[in-house]
$ cat start_26.pdb   # PDB, C-alpha atoms and all ligand atoms
ATOM      1  CA  MET A   1       4.032  17.717  13.413
ATOM      2  CA  ASP A   2       3.871  16.089   9.993
ATOM      3  CA  ASP A   3       7.688  16.190   9.602
ATOM      4  CA  GLU A   4       8.212  14.641  13.013
ATOM      5  CA  ALA A   5       5.603  11.984  12.296
ATOM      6  CA  LEU A   6       7.013  11.193   8.848
ATOM      7  CA  THR A   7      10.543  10.895  10.297
ATOM      8  CA  SER A   8       9.268   8.531  12.976
ATOM      9  CA  ASN A   9       7.424   6.482  10.348
ATOM     10  CA  ARG A  10      10.556   6.298   8.182
ATOM     11  CA  GLU A  11      12.551   4.972  11.135
ATOM     12  CA  LEU A  12       9.803   2.444  11.733
ATOM     13  CA  TRP A  13       9.871   1.271   8.110
ATOM     14  CA  ASP A  14      13.670   0.988   8.178
ATOM     15  CA  ALA A  15      13.342  -1.290  11.214
ATOM     16  CA  TRP A  16      10.380  -3.230   9.814
ATOM     17  CA  THR A  17      12.157  -3.806   6.489
ATOM     18  CA  LYS A  18      15.008  -5.607   8.271
ATOM     19  CA  ILE A  19      12.396  -7.834   9.924
ATOM     20  CA  HIS A  20      10.312  -8.321   6.777
ATOM     21  CA  VAL A  21      13.012  -9.490   4.363
ATOM     22  CA  GLY A  22      13.594 -12.616   6.464
ATOM     23  CA  SER A  23       9.978 -13.146   7.536
ATOM     24  CA  GLU A  24       7.698 -16.091   6.748
ATOM     25  CA  PHE A  25       4.993 -13.547   5.886
ATOM     26  CA  TYR A  26       6.924 -12.251   2.860
ATOM     27  CA  ASP A  27       8.655 -15.600   2.138
ATOM     28  CA  VAL A  28      11.307 -14.030  -0.097
ATOM     29  CA  GLU A  29      12.961 -17.408  -0.671
ATOM     30  CA  SER A  30      10.051 -18.698  -2.753
ATOM     31  CA  PHE A  31      10.121 -15.486  -4.810
ATOM     32  CA  ARG A  32      13.860 -15.999  -5.408
ATOM     33  CA  ASP A  33      13.675 -19.660  -6.346
ATOM     34  CA  GLY A  34      10.525 -19.259  -8.474
ATOM     35  CA  ARG A  35       8.064 -21.273  -6.340
ATOM     36  CA  LYS A  36       5.981 -18.075  -5.830
ATOM     37  CA  PRO A  37       7.300 -15.780  -8.533
ATOM     38  CA  ILE A  38       4.377 -13.305  -8.683
ATOM     39  CA  ARG A  39       3.120 -11.465  -5.607
ATOM     40  CA  VAL A  40       0.475  -9.220  -7.098
ATOM     41  CA  GLU A  41      -2.950 -10.879  -7.011
ATOM     42  CA  ASP A  42      -4.913 -12.236  -9.965
ATOM     43  CA  TYR A  43      -7.619  -9.563  -9.654
ATOM     44  CA  GLU A  44      -4.951  -6.849  -9.913
ATOM     45  CA  ILE A  45      -3.407  -8.454 -12.979
ATOM     46  CA  ALA A  46      -6.863  -8.701 -14.601
ATOM     47  CA  GLU A  47      -7.807  -5.108 -13.740
ATOM     48  CA  VAL A  48      -4.470  -3.538 -14.712
ATOM     49  CA  GLY A  49      -4.363  -5.477 -17.990
ATOM     50  CA  SER A  50      -1.247  -6.377 -19.936
ATOM     51  CA  VAL A  51       1.868  -4.588 -18.676
ATOM     52  CA  GLU A  52       4.119  -6.022 -21.374
ATOM     53  CA  GLY A  53       6.543  -3.312 -22.444
ATOM     54  CA  ARG A  54       4.747  -0.663 -20.397
ATOM     55  CA  ARG A  55       6.463   1.730 -18.024
ATOM     56  CA  LEU A  56       5.172   1.281 -14.469
ATOM     57  CA  LEU A  57       5.894   3.484 -11.449
ATOM     58  CA  HIS A  58       5.243   1.804  -8.084
ATOM     59  CA  LEU A  59       4.691   4.301  -5.255
ATOM     60  CA  GLN A  60       5.529   3.099  -1.713
ATOM     61  CA  CYS A  61       7.044  -0.102  -3.063
ATOM     62  CA  HIS A  62       8.479  -1.406   0.249
ATOM     63  CA  PHE A  63      11.345  -3.797  -0.638
ATOM     64  CA  GLY A  64      10.117  -4.403  -4.133
ATOM     65  CA  LEU A  65       8.342  -7.781  -4.208
ATOM     66  CA  ASP A  66       5.305  -6.371  -6.018
ATOM     67  CA  THR A  67       7.442  -4.094  -8.208
ATOM     68  CA  LEU A  68       9.567  -7.042  -9.310
ATOM     69  CA  SER A  69       6.423  -9.127  -9.859
ATOM     70  CA  TRP A  70       5.212  -6.526 -12.376
ATOM     71  CA  ALA A  71       8.664  -6.710 -13.995
ATOM     72  CA  ARG A  72       8.302 -10.483 -14.279
ATOM     73  CA  LEU A  73       4.962  -9.825 -16.013
ATOM     74  CA  GLY A  74       6.767  -7.696 -18.582
ATOM     75  CA  ALA A  75       6.726  -4.127 -17.230
ATOM     76  CA  ASP A  76       9.638  -1.708 -17.201
ATOM     77  CA  VAL A  77       9.519  -0.824 -13.499
ATOM     78  CA  THR A  78      10.529   1.997 -11.173
ATOM     79  CA  GLY A  79       9.841   1.617  -7.439
ATOM     80  CA  VAL A  80       9.793   4.463  -4.927
ATOM     81  CA  ASP A  81       9.913   4.336  -1.156
ATOM     82  CA  PHE A  82      11.148   6.695   1.570
ATOM     83  CA  SER A  83      12.883   3.932   3.545
ATOM     84  CA  ALA A  84      16.596   3.634   2.737
ATOM     85  CA  GLU A  85      16.539   0.059   4.077
ATOM     86  CA  ALA A  86      13.627  -0.838   1.798
ATOM     87  CA  ILE A  87      15.299   0.623  -1.284
ATOM     88  CA  ALA A  88      18.612  -1.110  -0.485
ATOM     89  CA  ALA A  89      16.783  -4.434   0.004
ATOM     90  CA  ALA A  90      14.800  -3.929  -3.232
ATOM     91  CA  ARG A  91      17.973  -3.265  -5.220
ATOM     92  CA  ALA A  92      19.690  -6.302  -3.668
ATOM     93  CA  LEU A  93      16.681  -8.523  -4.448
ATOM     94  CA  ALA A  94      16.492  -7.282  -8.054
ATOM     95  CA  ALA A  95      20.188  -8.088  -8.506
ATOM     96  CA  ASP A  96      19.731 -11.498  -6.880
ATOM     97  CA  VAL A  97      16.889 -12.535  -9.175
ATOM     98  CA  ASP A  98      18.471 -10.795 -12.160
ATOM     99  CA  ILE A  99      15.594  -8.421 -12.899
ATOM    100  CA  ASN A 100      16.228  -5.033 -14.421
ATOM    101  CA  ALA A 101      14.489  -2.468 -12.190
ATOM    102  CA  ARG A 102      15.071   1.055 -10.938
ATOM    103  CA  PHE A 103      14.494   1.925  -7.283
ATOM    104  CA  VAL A 104      14.413   5.517  -6.010
ATOM    105  CA  GLN A 105      14.539   6.561  -2.374
ATOM    106  CA  SER A 106      12.147   9.463  -1.852
ATOM    107  CA  ASP A 107       9.261  10.615   0.245
ATOM    108  CA  VAL A 108       6.278  10.331  -2.067
ATOM    109  CA  TYR A 109       5.477  14.028  -1.554
ATOM    110  CA  ARG A 110       8.990  15.041  -2.682
ATOM    111  CA  LEU A 111       9.167  12.718  -5.678
ATOM    112  CA  PRO A 112       8.643  15.505  -8.272
ATOM    113  CA  GLU A 113      11.923  17.030  -6.995
ATOM    114  CA  VAL A 114      13.946  13.919  -7.849
ATOM    115  CA  LEU A 115      12.106  12.237 -10.728
ATOM    116  CA  ASP A 116      11.240  14.041 -13.936
ATOM    117  CA  ASP A 117       9.363  11.434 -15.906
ATOM    118  CA  GLN A 118       5.928  10.064 -16.800
ATOM    119  CA  PHE A 119       4.622   6.503 -16.867
ATOM    120  CA  ASP A 120       1.925   4.398 -18.554
ATOM    121  CA  ILE A 121       0.877   3.064 -15.163
ATOM    122  CA  VAL A 122       1.244   4.459 -11.655
ATOM    123  CA  TYR A 123       0.565   1.601  -9.232
ATOM    124  CA  THR A 124       0.252   1.588  -5.439
ATOM    125  CA  SER A 125      -1.250  -0.983  -3.092
ATOM    126  CA  CYS A 126      -1.973  -2.508   0.282
ATOM    127  CA  GLY A 127      -1.329  -0.389   3.315
ATOM    128  CA  VAL A 128      -0.166   2.820   1.633
ATOM    129  CA  LEU A 129      -2.692   5.628   2.214
ATOM    130  CA  GLY A 130      -2.760   5.436   6.019
ATOM    131  CA  TRP A 131       0.813   6.785   6.139
ATOM    132  CA  LEU A 132      -0.098   9.951   4.253
ATOM    133  CA  PRO A 133      -1.202  13.140   6.029
ATOM    134  CA  ASP A 134      -2.483  14.935   2.901
ATOM    135  CA  ILE A 135      -4.530  12.878   0.429
ATOM    136  CA  GLN A 136      -4.991  15.802  -2.000
ATOM    137  CA  ALA A 137      -1.215  16.387  -2.237
ATOM    138  CA  TRP A 138      -0.658  12.630  -2.683
ATOM    139  CA  ALA A 139      -3.179  12.514  -5.556
ATOM    140  CA  ARG A 140      -1.472  15.477  -7.263
ATOM    141  CA  VAL A 141       1.881  13.642  -7.105
ATOM    142  CA  ALA A 142       0.380  10.394  -8.405
ATOM    143  CA  ALA A 143      -1.366  12.210 -11.279
ATOM    144  CA  ARG A 144       1.804  14.188 -12.112
ATOM    145  CA  PHE A 145       3.540  10.901 -12.995
ATOM    146  CA  VAL A 146       0.759   9.467 -15.196
ATOM    147  CA  LYS A 147       1.413  10.219 -18.825
ATOM    148  CA  PRO A 148      -1.503  11.342 -21.020
ATOM    149  CA  GLY A 149      -3.442   8.199 -21.943
ATOM    150  CA  GLY A 150      -2.011   6.344 -18.936
ATOM    151  CA  PHE A 151      -3.641   5.506 -15.612
ATOM    152  CA  LEU A 152      -3.341   5.262 -11.837
ATOM    153  CA  TYR A 153      -4.237   1.896 -10.261
ATOM    154  CA  LEU A 154      -4.747   1.667  -6.510
ATOM    155  CA  THR A 155      -5.865  -1.284  -4.408
ATOM    156  CA  GLU A 156      -6.135  -0.727  -0.676
ATOM    157  CA  ILE A 157      -7.990  -1.593   2.490
ATOM    158  CA  HIS A 158     -11.418   0.071   2.419
ATOM    159  CA  PRO A 159     -11.695   3.101   4.748
ATOM    160  CA  VAL A 160     -14.852   1.499   6.231
ATOM    161  CA  ALA A 161     -12.770  -1.494   7.378
ATOM    162  CA  GLN A 162     -10.387   0.908   9.123
ATOM    163  CA  VAL A 163     -12.903   2.316  11.588
ATOM    164  CA  PHE A 164     -13.266  -0.846  13.692
ATOM    165  CA  ASP A 165     -11.285  -1.798  16.775
ATOM    166  CA  ASP A 166      -8.513  -4.221  15.888
ATOM    167  CA  GLU A 167      -7.495  -5.077  19.443
ATOM    168  CA  GLY A 168      -9.162  -7.504  21.850
ATOM    169  CA  VAL A 169     -12.078  -8.292  19.538
ATOM    170  CA  GLU A 170     -13.490 -11.582  18.270
ATOM    171  CA  PRO A 171     -14.367 -12.387  14.649
ATOM    172  CA  GLY A 172     -17.603 -10.604  13.787
ATOM    173  CA  GLN A 173     -17.278  -8.126  16.673
ATOM    174  CA  LEU A 174     -17.461  -4.708  15.023
ATOM    175  CA  ARG A 175     -16.706  -2.010  17.567
ATOM    176  CA  LEU A 176     -16.312   1.545  16.239
ATOM    177  CA  ARG A 177     -12.956   3.012  17.291
ATOM    178  CA  TYR A 178     -11.216   5.073  14.594
ATOM    179  CA  PRO A 179     -12.168   8.120  12.501
ATOM    180  CA  TYR A 180     -13.614   7.678   9.019
ATOM    181  CA  TRP A 181     -12.858  11.107   7.545
ATOM    182  CA  SER A 182      -9.450  12.816   7.293
ATOM    183  CA  HIS A 183      -8.094  14.391  10.463
ATOM    184  CA  ARG A 184      -5.337  16.946  10.864
ATOM    185  CA  ASP A 185      -3.467  15.358  13.780
ATOM    186  CA  PRO A 186      -2.223  11.811  13.287
ATOM    187  CA  LEU A 187      -3.177   8.852  15.437
ATOM    188  CA  ARG A 188      -0.158   7.706  17.456
ATOM    189  CA  PHE A 189       0.647   4.095  18.313
ATOM    190  CA  GLU A 190       3.496   2.556  20.319
ATOM    191  CA  VAL A 191       4.645  -0.202  18.005
ATOM    192  CA  GLN A 192       4.691  -3.804  19.149
ATOM    193  CA  GLY A 193       6.237  -6.086  16.551
ATOM    194  CA  SER A 194       5.175  -5.846  12.929
ATOM    195  CA  TYR A 195       2.148  -7.046  10.972
ATOM    196  CA  ALA A 196       4.547  -9.560   9.387
ATOM    197  CA  ASP A 197       6.003 -10.736  12.697
ATOM    198  CA  PRO A 198       4.092  -9.622  15.819
ATOM    199  CA  THR A 199       6.853 -10.969  18.087
ATOM    200  CA  ALA A 200       9.737  -9.049  16.477
ATOM    201  CA  PRO A 201      11.566  -6.593  18.782
ATOM    202  CA  THR A 202      10.502  -3.002  18.025
ATOM    203  CA  GLU A 203      11.142  -1.256  21.328
ATOM    204  CA  GLY A 204      10.776   2.543  21.216
ATOM    205  CA  LEU A 205       9.313   2.711  17.709
ATOM    206  CA  VAL A 206       6.229   4.846  17.160
ATOM    207  CA  GLU A 207       3.733   4.761  14.282
ATOM    208  CA  TYR A 208       1.684   7.746  13.129
ATOM    209  CA  GLY A 209      -1.344   7.258  10.924
ATOM    210  CA  TRP A 210      -4.024   9.184   9.091
ATOM    211  CA  ASP A 211      -7.450   8.185   7.823
ATOM    212  CA  HIS A 212      -9.092   9.218   4.566
ATOM    213  CA  SER A 213     -12.642   8.449   3.553
ATOM    214  CA  LEU A 214     -13.445   6.786   0.250
ATOM    215  CA  GLY A 215     -15.094  10.007  -0.921
ATOM    216  CA  GLU A 216     -12.009  12.045  -0.036
ATOM    217  CA  ILE A 217      -9.715   9.606  -1.893
ATOM    218  CA  VAL A 218     -11.838   9.572  -5.050
ATOM    219  CA  THR A 219     -12.411  13.335  -4.979
ATOM    220  CA  ALA A 220      -8.668  13.992  -4.523
ATOM    221  CA  ILE A 221      -7.955  11.844  -7.591
ATOM    222  CA  ALA A 222     -10.620  13.666  -9.624
ATOM    223  CA  ASP A 223      -9.346  17.078  -8.462
ATOM    224  CA  ALA A 224      -5.866  16.037  -9.630
ATOM    225  CA  GLY A 225      -7.203  15.704 -13.190
ATOM    226  CA  LEU A 226      -7.729  11.937 -13.509
ATOM    227  CA  ARG A 227     -11.007  10.389 -14.699
ATOM    228  CA  LEU A 228     -12.418   7.421 -12.816
ATOM    229  CA  ASP A 229     -12.648   4.204 -14.869
ATOM    230  CA  PHE A 230     -13.886   2.014 -12.014
ATOM    231  CA  LEU A 231     -14.109   1.722  -8.261
ATOM    232  CA  HIS A 232     -14.626  -1.859  -7.068
ATOM    233  CA  GLU A 233     -15.531  -2.511  -3.444
ATOM    234  CA  LEU A 234     -14.394  -5.953  -2.315
ATOM    235  CA  ASP A 235     -15.613  -8.231   0.485
ATOM    236  CA  PHE A 236     -12.202  -9.289   1.831
ATOM    237  CA  VAL A 237      -9.044  -7.969   3.447
ATOM    238  CA  ARG A 238      -5.748  -9.369   2.208
ATOM    239  CA  TRP A 239      -4.108  -9.736   5.619
ATOM    240  CA  PRO A 240      -5.040 -11.084   9.061
ATOM    241  CA  THR A 241      -7.648  -8.836  10.722
ATOM    242  CA  PRO A 242      -8.963  -9.682  14.217
ATOM    243  CA  PHE A 243     -12.671  -9.109  13.463
ATOM    244  CA  LEU A 244     -12.567 -11.239  10.284
ATOM    245  CA  VAL A 245     -12.064 -14.948   9.594
ATOM    246  CA  GLU A 246      -9.679 -16.498   7.099
ATOM    247  CA  GLY A 247     -11.250 -18.284   4.139
ATOM    248  CA  ALA A 248      -9.898 -21.209   2.135
ATOM    249  CA  ASP A 249      -8.532 -18.659  -0.371
ATOM    250  CA  GLY A 250      -6.346 -16.998   2.297
ATOM    251  CA  ARG A 251      -8.515 -13.860   2.323
ATOM    252  CA  TYR A 252     -10.201 -12.465   5.437
ATOM    253  CA  ARG A 253     -13.971 -11.870   5.521
ATOM    254  CA  LEU A 254     -16.778 -11.305   7.992
ATOM    255  CA  PRO A 255     -17.946 -14.613   9.546
ATOM    256  CA  PRO A 256     -20.579 -16.269   7.298
ATOM    257  CA  ASP A 257     -23.361 -15.841   9.908
ATOM    258  CA  THR A 258     -22.881 -12.031  10.088
ATOM    259  CA  PRO A 259     -26.209 -10.281   9.462
ATOM    260  CA  GLY A 260     -25.334  -7.838   6.670
ATOM    261  CA  GLN A 261     -22.213  -7.004   4.713
ATOM    262  CA  LEU A 262     -19.492  -4.372   4.521
ATOM    263  CA  PRO A 263     -16.904  -3.371   1.934
ATOM    264  CA  LEU A 264     -13.446  -4.317   3.226
ATOM    265  CA  PHE A 265     -11.028  -3.561   0.353
ATOM    266  CA  PHE A 266     -11.227  -1.651  -2.907
ATOM    267  CA  SER A 267      -9.539  -1.274  -6.248
ATOM    268  CA  LEU A 268      -9.664   1.784  -8.426
ATOM    269  CA  LYS A 269      -8.447   2.800 -11.849
ATOM    270  CA  ALA A 270      -8.334   6.431 -12.973
ATOM    271  CA  SER A 271      -6.995   7.632 -16.332
ATOM    272  CA  LYS A 272      -5.409  10.787 -17.611
ATOM    273  CA  PRO A 273      -7.067  11.936 -20.821
ATOM    274  CA  ALA A 274      -4.828  11.551 -23.871
ATOM    275  CA  ALA A 275      -3.215  14.863 -24.903
TER     276      ALA A 275
HETATM  277  C1  LIG B 301       2.627  -1.559   3.710
HETATM  278  S1  LIG B 301       3.978  -1.055   2.745
HETATM  279  C2  LIG B 301       3.491  -1.181   1.099
HETATM  280  C3  LIG B 301       2.926  -2.484   0.839
HETATM  281  C4  LIG B 301       3.588  -3.363  -0.147
HETATM  282  N1  LIG B 301       2.587  -3.693  -1.124
HETATM  283  C5  LIG B 301       4.088  -4.618   0.540
HETATM  284  O1  LIG B 301       3.331  -5.280   1.275
HETATM  285  O2  LIG B 301       5.238  -4.957   0.351
HETATM  286  C6  LIG B 301       3.968   0.703   2.928
HETATM  287  C7  LIG B 301       5.235   1.347   2.378
HETATM  288  O3  LIG B 301       5.014   2.767   2.349
HETATM  289  C8  LIG B 301       6.262   3.397   2.601
HETATM  290  N2  LIG B 301       5.967   4.780   2.980
HETATM  291  C9  LIG B 301       5.246   5.215   4.039
HETATM  292  N3  LIG B 301       5.143   6.551   4.025
HETATM  293  C10 LIG B 301       5.828   6.981   2.910
HETATM  294  C11 LIG B 301       6.082   8.239   2.337
HETATM  295  N4  LIG B 301       5.634   9.365   2.912
HETATM  296  N5  LIG B 301       6.809   8.309   1.194
HETATM  297  C12 LIG B 301       7.290   7.172   0.611
HETATM  298  N6  LIG B 301       7.083   5.936   1.112
HETATM  299  C13 LIG B 301       6.357   5.839   2.247
HETATM  300  C14 LIG B 301       6.915   2.537   3.674
HETATM  301  O4  LIG B 301       8.302   2.705   3.746
HETATM  302  C15 LIG B 301       6.490   1.130   3.233
HETATM  303  O5  LIG B 301       7.500   0.513   2.494
END

$ encode --input "start_26.pdb" --output "structure tokens" --more "lines below"
Ligand SMILES: C[S@@+](CC[C@H](N)C(=O)[O-])C[C@H]1O[C@@H](n2cnc3c(N)ncnc32)[C@H](O)[C@@H]1O
Amino acid sequence: MDDEALTSNRELWDAWTKIHVGSEFYDVESFRDGRKPIRVEDYEIAEVGSVEGRRLLHLQCHFGLDTLSWARLGADVTGVDFSAEAIAAARALAADVDINARFVQSDVYRLPEVLDDQFDIVYTSCGVLGWLPDIQAWARVAARFVKPGGFLYLTEIHPVAQVFDDEGVEPGQLRLRYPYWSHRDPLRFEVQGSYADPTAPTEGLVEYGWDHSLGEIVTAIADAGLRLDFLHELDFVRWPTPFLVEGADGRYRLPPDTPGQLPLFFSLKASKPAA
């Protein structure tokens, strides 16, 4: 089942990449012409620290906007993604903006078969873990590529924010719908458009997804031999979410009159002890 699901997801990402490179959501033009040259957020830059001259591996890099942003901040970057379309678009974009970057097409689980290297920083972000059936195996791969003294940095939607219905709900309406803990069989969705362009034609495409609790993610990282430096739980989601409202800063939060609070995103840093 996992192979079939991963193949279907790869086809989906090939199709979505073609939509995304020309979308308003990603606004590649302003990255090219320098109006919006950096796409990683300020909190990430502060938490990761200086990347000047450091080797950074970006897992699930999509078509490279974030990877190339880290390069513009001084890192020596390698991006990995299983979508051939995404890797081709990332290479074309790097050439266009004249940034030296390496992009590798690989399923994240198979990366140790094609890349024999270690990095100061392994980075991954925003909509990555829900595509992965096995969080323990993912953490082992991520840790394998961190060099002694280096670290993994992950920022992602909070698993708590993933349990609520995201269809037919109003801001503030929190209706439990999805699992919190890992499940063997993936959730299956007929795809309609893309998060970057809900009206784009995506007939016949199917998405498979898996959930992982915060405890399972952190424990998988610890089991893989990394030591937690911090885990920050954040009060916003970085993309439109039906049960949240957009703030002046472009982030999505619970409506201000909501009684109580929830974590909606997180960032985490975990280091490999120096040899
Ligand atoms: C939401 S995107 C990453 C977000 C990125 N920060 C962005 O917005 O541009 C998720 C990426 O994961 C990749 N992906 C999904 N499953 C994968 C797998 N098993 N191995 C490698 N890449 C995978 C997809 O091709 C896609 O490019």

$ atom_distance --input "start_26.pdb" --atom1 "CA of Ala94 in chain A" --atom2 "CA of Glu24 in chain A"
19.3 Å

$ closest_residue --input "start_26.pdb" --among "A:Asp98, A:Glu47, A:Asp14, A:Glu4" --to "Phe63 in chain A" --atoms "all atoms listed in the file"
A:Asp14

$ atom_distance --input "start_26.pdb" --atom1 "CA of Val191 in chain A" --atom2 "CA of Ser213 in chain A"
24.1 Å

$ resolve_selection --input "start_26.pdb" --expression "the PyMOL selection byres (((chain A and resi 110-118) around 12) and not hetatm)" --output "mmCIF file with C-alpha atoms, in the frame of the given file"
data_model
loop_
_atom_site.group_PDB
_atom_site.id
_atom_site.type_symbol
_atom_site.label_atom_id
_atom_site.label_comp_id
_atom_site.auth_asym_id
_atom_site.auth_seq_id
_atom_site.Cartn_x
_atom_site.Cartn_y
_atom_site.Cartn_z
ATOM 1 C CA ARG A 54 4.747 -0.663 -20.397
ATOM 2 C CA ARG A 55 6.463 1.730 -18.024
ATOM 3 C CA LEU A 56 5.172 1.281 -14.469
ATOM 4 C CA LEU A 57 5.894 3.484 -11.449
ATOM 5 C CA HIS A 58 5.243 1.804 -8.084
ATOM 6 C CA LEU A 59 4.691 4.301 -5.255
ATOM 7 C CA GLN A 60 5.529 3.099 -1.713
ATOM 8 C CA VAL A 77 9.519 -0.824 -13.499
ATOM 9 C CA THR A 78 10.529 1.997 -11.173
ATOM 10 C CA GLY A 79 9.841 1.617 -7.439
ATOM 11 C CA VAL A 80 9.793 4.463 -4.927
ATOM 12 C CA ASP A 81 9.913 4.336 -1.156
ATOM 13 C CA PHE A 82 11.148 6.695 1.570
ATOM 14 C CA ARG A 102 15.071 1.055 -10.938
ATOM 15 C CA PHE A 103 14.494 1.925 -7.283
ATOM 16 C CA VAL A 104 14.413 5.517 -6.010
ATOM 17 C CA GLN A 105 14.539 6.561 -2.374
ATOM 18 C CA SER A 106 12.147 9.463 -1.852
ATOM 19 C CA ASP A 107 9.261 10.615 0.245
ATOM 20 C CA VAL A 108 6.278 10.331 -2.067
ATOM 21 C CA TYR A 109 5.477 14.028 -1.554
ATOM 22 C CA PHE A 119 4.622 6.503 -16.867
ATOM 23 C CA ASP A 120 1.925 4.398 -18.554
ATOM 24 C CA ILE A 121 0.877 3.064 -15.163
ATOM 25 C CA VAL A 122 1.244 4.459 -11.655
ATOM 26 C CA ALA A 137 -1.215 16.387 -2.237
ATOM 27 C CA TRP A 138 -0.658 12.630 -2.683
ATOM 28 C CA ARG A 140 -1.472 15.477 -7.263
ATOM 29 C CA VAL A 141 1.881 13.642 -7.105
ATOM 30 C CA ALA A 142 0.380 10.394 -8.405
ATOM 31 C CA ALA A 143 -1.366 12.210 -11.279
ATOM 32 C CA ARG A 144 1.804 14.188 -12.112
ATOM 33 C CA PHE A 145 3.540 10.901 -12.995
ATOM 34 C CA VAL A 146 0.759 9.467 -15.196
ATOM 35 C CA LYS A 147 1.413 10.219 -18.825
ATOM 36 C CA PRO A 148 -1.503 11.342 -21.020
ATOM 37 C CA GLY A 149 -3.442 8.199 -21.943
ATOM 38 C CA GLY A 150 -2.011 6.344 -18.936
ATOM 39 C CA PHE A 151 -3.641 5.506 -15.612
ATOM 40 C CA LEU A 152 -3.341 5.262 -11.837
ATOM 41 C CA LYS A 272 -5.409 10.787 -17.611
#

$ residues_around --input "start_26.pdb" --residues "Gln162 in chain A" --least-positions-apart "2" --cutoff "12 Å" --atoms "all atoms listed in the file" --output "PyMOL selection string"
chain A and resi 127+129-130+156-160+164-166+174-181+209-214+237+241-243+262-265

$ closest_residue --input "start_26.pdb" --among "A:Ala86, A:Leu68, A:Val206, A:Ile19" --to "ligand LIG 301 (chain B)" --atoms "all atoms listed in the file"
A:Ala86

$ resolve_selection --input "start_26.pdb" --expression "the PyMOL selection byres (((chain A and resi 250) around 12) and not hetatm)" --output "ChimeraX atom specification"
/A:41,236-241,244-249,251-253

$ axis_aligned_box --input "start_26.pdb" --around "range 52-58 of chain A" --padding-each-side "3 Å" --output "lines of an AutoDock Vina configuration file"
center_x = 5.3
center_y = -1.3
center_z = -15.3
size_x = 8.4
size_y = 15.5
size_z = 20.4

$ residues_around --input "start_26.pdb" --residues "Val51 in chain A" --least-positions-apart "6" --cutoff "10 Å" --atoms "only C-alpha atoms" --output "list of chain:residue names"
A:Ile45, A:Trp70, A:Ala71, A:Arg72, A:Leu73, A:Gly74, A:Ala75, A:Asp76, A:Val77, A:Asp120, A:Ile121

$ atom_distance --input "start_26.pdb" --atom1 "CA of Ser83 in chain A" --atom2 "CA of Ser271 in chain A"
28.4 Å

$ closest_residue --input "start_26.pdb" --among "A:Leu205, A:Val218, A:Ala101, A:Leu268" --to "Leu231 in chain A" --atoms "all atoms listed in the file"
A:Leu268

$ resolve_selection --input "start_26.pdb" --expression "the PyMOL selection byres (((chain A and resi 40) around 9) and not hetatm)" --output "list in words"
Ile38, Arg39, Glu41, Asp42, Tyr43, Glu44, Ile45, Leu65, Asp66, Thr67, Ser69 and Trp70 of chain A

$ closest_residue --input "start_26.pdb" --among "A:Ala89, A:Val128, A:Leu234, A:Val97" --to "ligand LIG 301 (chain B)" --atoms "all atoms listed in the file"
A:Val128

$ closest_residue --input "start_26.pdb" --among "A:Ala200, A:Ala90, A:Val28, A:Leu187" --to "Trp131 in chain A" --atoms "all atoms listed in the file"
A:Leu187

$ residues_around --input "start_26.pdb" --residues "Glu190 in chain A" --least-positions-apart "3" --cutoff "10 Å" --atoms "all atoms listed in the file" --output "ChimeraX atom specification"
/A:193,202-208

$ closest_residue --input "start_26.pdb" --among "A:Ser125, A:Ser23, A:Gln136, A:Asn100" --to "ligand LIG 301 (chain B)" --atoms "all atoms listed in the file"
A:Ser125

$ residues_near_point --input "start_26.pdb" --point "(-15.6, 3.5, -11.0)" --cutoff "10 Å" --atoms "only C-alpha atoms" --output "NGL selection string"
:A and (218 or 227-233 or 267-270)

$ decode --input "start_26.pdb" --residues "range 239-247 of chain A" --atoms "N, CA and C atoms" --output "PDB file, in the first residue's frame"
ATOM      1  N   TRP A 239      -0.416  29.188   6.373  1.00  0.00           N
ATOM      2  CA  TRP A 239      -1.186  29.206   5.125  1.00  0.00           C
ATOM      3  C   TRP A 239      -2.683  29.251   5.455  1.00  0.00           C
ATOM      4  N   PRO A 240      -3.503  29.619   4.455  1.00  0.00           N
ATOM      5  CA  PRO A 240      -4.941  29.733   4.721  1.00  0.00           C
ATOM      6  C   PRO A 240      -5.519  28.446   5.281  1.00  0.00           C
ATOM      7  N   THR A 241      -6.299  28.562   6.360  1.00  0.00           N
ATOM      8  CA  THR A 241      -6.881  27.414   7.060  1.00  0.00           C
ATOM      9  C   THR A 241      -8.309  27.808   7.419  1.00  0.00           C
ATOM     10  N   PRO A 242      -9.314  27.035   6.970  1.00  0.00           N
ATOM     11  CA  PRO A 242     -10.709  27.483   7.088  1.00  0.00           C
ATOM     12  C   PRO A 242     -11.167  27.844   8.500  1.00  0.00           C
ATOM     13  N   PHE A 243     -10.644  27.187   9.541  1.00  0.00           N
ATOM     14  CA  PHE A 243     -11.140  27.494  10.891  1.00  0.00           C
ATOM     15  C   PHE A 243     -10.330  28.597  11.581  1.00  0.00           C
ATOM     16  N   LEU A 244      -9.425  29.241  10.827  1.00  0.00           N
ATOM     17  CA  LEU A 244      -8.618  30.333  11.377  1.00  0.00           C
ATOM     18  C   LEU A 244      -8.895  31.621  10.606  1.00  0.00           C
ATOM     19  N   VAL A 245      -8.437  32.750  11.166  1.00  0.00           N
ATOM     20  CA  VAL A 245      -8.575  34.026  10.458  1.00  0.00           C
ATOM     21  C   VAL A 245      -7.190  34.617  10.197  1.00  0.00           C
ATOM     22  N   GLU A 246      -7.085  35.314   9.068  1.00  0.00           N
ATOM     23  CA  GLU A 246      -5.799  35.905   8.703  1.00  0.00           C
ATOM     24  C   GLU A 246      -5.551  37.171   9.506  1.00  0.00           C
ATOM     25  N   GLY A 247      -4.341  37.318  10.030  1.00  0.00           N
ATOM     26  CA  GLY A 247      -3.970  38.527  10.752  1.00  0.00           C
ATOM     27  C   GLY A 247      -3.235  39.486   9.830  1.00  0.00           C
TER      28      GLY A 247
END
